[in-house]
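Q: Sharing a structure below in structure tokens format, with a few things to ask.
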Amino acid sequence: MADEHHGGAATPRAPWWAIAIIMAGGVLAALQSRINADLAGQLESPYLAAFVSFGIGCLGLCVIVLSLPAERRAARDYARDIATGRFDWRYAIGGLGGAFLVFTQSLTVGVLGVALFIVSVVAGQTLAGAALDRVGFGPGEPRRLSTSRLVGSALMVASVALALASGLTNAVPWLSLVLPFIAGVGVGLQTGANGIVTAHTGSFLVSALGNFTLGSLALGIAAAVSLALTPLGGAFPTNPVLYLGGLIGLTYIAASAALVRYTGVLVLSGAAIAGQIIGSVMLDALDPSVHLSPLTVIGAALTLLAAVIIAGYIPLRSPRPE
């Protein structure tokens, strides 16, 4: 089946099961964010918390890859191809997109607030997904900017803004929106690059391991600089749940690397965003100290609608020329 198009070949519709898996991964990403935020509060250092989360995810992936002979061979061949120039190293640095997102969050959330930060990231991620699909940055063919994709993308950004409306404010330096927007673009680039690495290596686990290795290195440097400037104010918690963020995150990164070839960057981004917003609302609903506004619930529901429209399951036809 295919989505509608503006002339030329139709864009294949992403399979529903891939969209469902990515949405479930988005829900897990919301849980990861909540766990990492609690860890950062205990440590009083968002950089160290991010490094710990990424590092644990990296160690988990190392154990998995090293325990599987086929994955070990794929990892060894991948490293050799990068070293010899057979594979373009620029596709191998996708993990910096995730690290930059965490870094930007630490720099700007205090100024923008969480809501405006997320809306800015979603805007960048959605725009990047549309542009990258159009030029074919990823493991598949270029995907045309159909009416469904354009309308769904606009609805996605508006829905996230509506869901987070209670946290939006005009009392911010609007230039601060540039960094989270760029971070969102970086997440889109990371998704496309991961798909290219997966296609080259034949292993989404190797692609995910490359992300976590590079991300851990970058965040480790950021944490070291932060601690050199400001001594650690908190302490490492004894609650083991607070160390599960990285392991939860690796499932989402691995699923994204495996499935982007079926969905493209934009559909994957839309499904992931919807899953994260819906997951956040679910977590808030379970917290008796949090009051959910009707706008938040409506906005979350609309993100699901937007993801379905972007994927082409509610076709929107362009007016035909006379």
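Residue numbering restarts at 1 in every chain; chains get A, B, ... in the order shown in the structure tokens, and ligands count up from 1 in that same order.
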Can you list every residue of segment 64-174 of chain A that has an atom at most 8 Å from segment 297-307 of chain A, with its nearest atom pair and the distance in Å to one decimal, using only C-alpha atoms, ordered by chain then number, as CSV?
A:
```
residue,atom,partner,partner_atom,distance
A:Gly152,CA,A:Ala306,CA,4.7
A:Ser153,CA,A:Ala306,CA,6.9
A:Leu155,CA,A:Ala306,CA,5.6
A:Met156,CA,A:Ala306,CA,5.2
A:Ser159,CA,A:Gly299,CA,4.7
A:Val160,CA,A:Gly299,CA,6.1
A:Ala161,CA,A:Gly299,CA,7.6
A:Leu162,CA,A:Gly299,CA,5.0
A:Ala163,CA,A:Gly299,CA,4.0
A:Leu164,CA,A:Gly299,CA,7.8
```
Q: Let's have the selection written as a PDB file, in the first residue's frame, with N, CA and C atoms.
A:
```pdb
ATOM      1  N   GLY A 152       0.268  16.242   8.754  1.00  0.00           N
ATOM      2  CA  GLY A 152       0.570  15.496   9.979  1.00  0.00           C
ATOM      3  C   GLY A 152       1.716  16.107  10.763  1.00  0.00           C
ATOM      4  N   SER A 153       2.730  16.594  10.059  1.00  0.00           N
ATOM      5  CA  SER A 153       3.870  17.216  10.734  1.00  0.00           C
ATOM      6  C   SER A 153       3.457  18.492  11.453  1.00  0.00           C
ATOM      7  N   LEU A 155       0.437  19.239  12.463  1.00  0.00           N
ATOM      8  CA  LEU A 155      -0.430  18.845  13.578  1.00  0.00           C
ATOM      9  C   LEU A 155       0.387  18.299  14.737  1.00  0.00           C
ATOM     10  N   MET A 156       1.486  17.596  14.442  1.00  0.00           N
ATOM     11  CA  MET A 156       2.316  17.041  15.512  1.00  0.00           C
ATOM     12  C   MET A 156       2.900  18.148  16.385  1.00  0.00           C
ATOM     13  N   SER A 159       0.131  19.799  18.326  1.00  0.00           N
ATOM     14  CA  SER A 159      -0.397  18.920  19.375  1.00  0.00           C
ATOM     15  C   SER A 159       0.521  18.883  20.586  1.00  0.00           C
ATOM     16  N   VAL A 160       1.829  18.821  20.333  1.00  0.00           N
ATOM     17  CA  VAL A 160       2.782  18.817  21.452  1.00  0.00           C
ATOM     18  C   VAL A 160       2.707  20.150  22.196  1.00  0.00           C
ATOM     19  N   ALA A 161       2.601  21.247  21.450  1.00  0.00           N
ATOM     20  CA  ALA A 161       2.466  22.557  22.094  1.00  0.00           C
ATOM     21  C   ALA A 161       1.197  22.613  22.945  1.00  0.00           C
ATOM     22  N   LEU A 162       0.099  22.038  22.444  1.00  0.00           N
ATOM     23  CA  LEU A 162      -1.152  22.019  23.199  1.00  0.00           C
ATOM     24  C   LEU A 162      -1.028  21.159  24.453  1.00  0.00           C
ATOM     25  N   ALA A 163      -0.396  19.996  24.310  1.00  0.00           N
ATOM     26  CA  ALA A 163      -0.237  19.099  25.452  1.00  0.00           C
ATOM     27  C   ALA A 163       0.591  19.736  26.562  1.00  0.00           C
ATOM     28  N   LEU A 164       1.518  20.614  26.164  1.00  0.00           N
ATOM     29  CA  LEU A 164       2.423  21.231  27.141  1.00  0.00           C
ATOM     30  C   LEU A 164       2.091  22.698  27.366  1.00  0.00           C
TER      31      LEU A 164
END
```
Q: DSSP on the backbone: which residues in segment 5-247 of chain A end up as alpha helix (DSSP H)? Give the answer as a PyMOL selection string.
A: chain A and resi 16-43+46-67+69-84+95-112+114-135+147-163+178-201+204-229+245-247
Q: Pick out the closest residue to Ile19 of chain A from this set: A:Leu316, A:Val52, A:Val290, A:Ala272. Count only C-alpha atoms.
A: A:Ala272
Q: Compare A:Pro240, A:Gly279, A:Gly97, A:Gly233 by their minimum atom-to-atom distance to Val185 of chain A, counting only C-alpha atoms, and give me the closest one.
A: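 Of A:Pro240, A:Gly279, A:Gly97, A:Gly233, the one nearest Val185 of chain A, counting only C-alpha atoms, is A:Gly97.
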Q: Would you list the contacts of Ala18 of chain A as a PyMOL selection string, taking every protein, DNA or RNA residue within 8 Å and counting only C-alpha atoms, but skipping same-chain residues closer than 3 positions in sequence?
A: chain A and resi 14-15+21-22+259+262-263
Q: Which residues, written as an MDAnalysis selection string, have at least one atom at most 8 Å from Thr213 of chain A, with only C-alpha atoms counted and residues fewer than 2 positions away on the same chain left out?
A: chainID A and resid 55 58 95 209:211 215:217
Q: Give me the residues within 8 Å of segment 61-68 of chain A as JSON, numbers by chain, counting only C-alpha atoms and dropping any in the same chain fewer than 2 places off.
A: {"A": [57, 58, 59, 70, 71, 72, 75, 205, 206, 208, 209, 250]}
Q: Okay, now the selection with C-alpha atoms, as a CSV table (one decimal), in the first residue's frame?
A:
```
chain,number,residue,atom,x,y,z
A,57,GLY,CA,23.4,1.3,28.4
A,58,CYS,CA,26.8,1.0,26.6
A,59,LEU,CA,28.0,-1.7,29.0
A,70,ALA,CA,27.6,-12.9,14.6
A,71,GLU,CA,27.4,-9.6,16.3
A,72,ARG,CA,31.1,-9.7,17.3
A,75,ALA,CA,31.3,-5.1,15.1
A,205,LEU,CA,22.8,-3.8,17.8
A,206,VAL,CA,26.2,-2.7,16.4
A,208,ALA,CA,23.1,1.1,18.7
A,209,LEU,CA,26.5,0.2,20.3
A,250,LEU,CA,19.1,1.0,24.5
```
Q: What gap, in Å, lies between atom CA of Ala258 of chain A and atom CA of Asp77 of chain A?
A: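 So the answer is 18.5 Å.
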Q: Just the number, please: distance in Å from atom CA of Met23 of chain A to atom CA of Ala92 of chain A, one decimal.
A: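 Going from atom CA of Met23 of chain A over to atom CA of Ala92 of chain A covers 25.1 Å.
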Q: What lies within 7 Å of Thr126 of chain A using only C-alpha atoms, ignoring chain neighbours under 2 positions off, as a PyMOL selection string?
A: chain A and resi 122-124+128-130+153+266+269
Q: May I have the selected residues written with N, CA and C atoms, as an mmCIF file, in the first residue's frame?
A:
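And here's result31.cif as it stands now:
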```cif
data_model
loop_
_atom_site.group_PDB
_atom_site.id
_atom_site.type_symbol
_atom_site.label_atom_id
_atom_site.label_comp_id
_atom_site.auth_asym_id
_atom_site.auth_seq_id
_atom_site.Cartn_x
_atom_site.Cartn_y
_atom_site.Cartn_z
ATOM 1 N N VAL A 122 10.830 19.058 19.251
ATOM 2 C CA VAL A 122 9.896 18.380 18.353
ATOM 3 C C VAL A 122 9.821 19.099 17.006
ATOM 4 N N ALA A 123 9.817 20.441 17.028
ATOM 5 C CA ALA A 123 9.787 21.200 15.776
ATOM 6 C C ALA A 123 11.015 20.876 14.928
ATOM 7 N N GLY A 124 12.194 20.875 15.544
ATOM 8 C CA GLY A 124 13.421 20.558 14.808
ATOM 9 C C GLY A 124 13.438 19.123 14.317
ATOM 10 N N ALA A 128 13.364 18.113 10.396
ATOM 11 C CA ALA A 128 14.494 17.320 9.912
ATOM 12 C C ALA A 128 14.015 16.010 9.298
ATOM 13 N N GLY A 129 13.037 15.368 9.948
ATOM 14 C CA GLY A 129 12.523 14.112 9.418
ATOM 15 C C GLY A 129 11.952 14.275 8.021
ATOM 16 N N ALA A 130 11.176 15.353 7.804
ATOM 17 C CA ALA A 130 10.596 15.604 6.486
ATOM 18 C C ALA A 130 11.690 15.869 5.449
ATOM 19 N N SER A 153 2.730 16.594 10.059
ATOM 20 C CA SER A 153 3.870 17.216 10.734
ATOM 21 C C SER A 153 3.457 18.492 11.453
ATOM 22 N N LEU A 266 10.843 10.497 9.104
ATOM 23 C CA LEU A 266 9.708 11.305 9.562
ATOM 24 C C LEU A 266 8.659 10.465 10.275
ATOM 25 N N SER A 269 10.033 9.370 13.592
ATOM 26 C CA SER A 269 10.068 10.480 14.544
ATOM 27 C C SER A 269 8.671 10.786 15.071
#
```
Q: Residues within 10 Å of Ala218 of chain A, please, as number ranges by chain. Count only C-alpha atoms; anything in the same chain fewer than 6 positions from it doesn't count.
A: A: 51, 95-96, 98-100, 103, 212
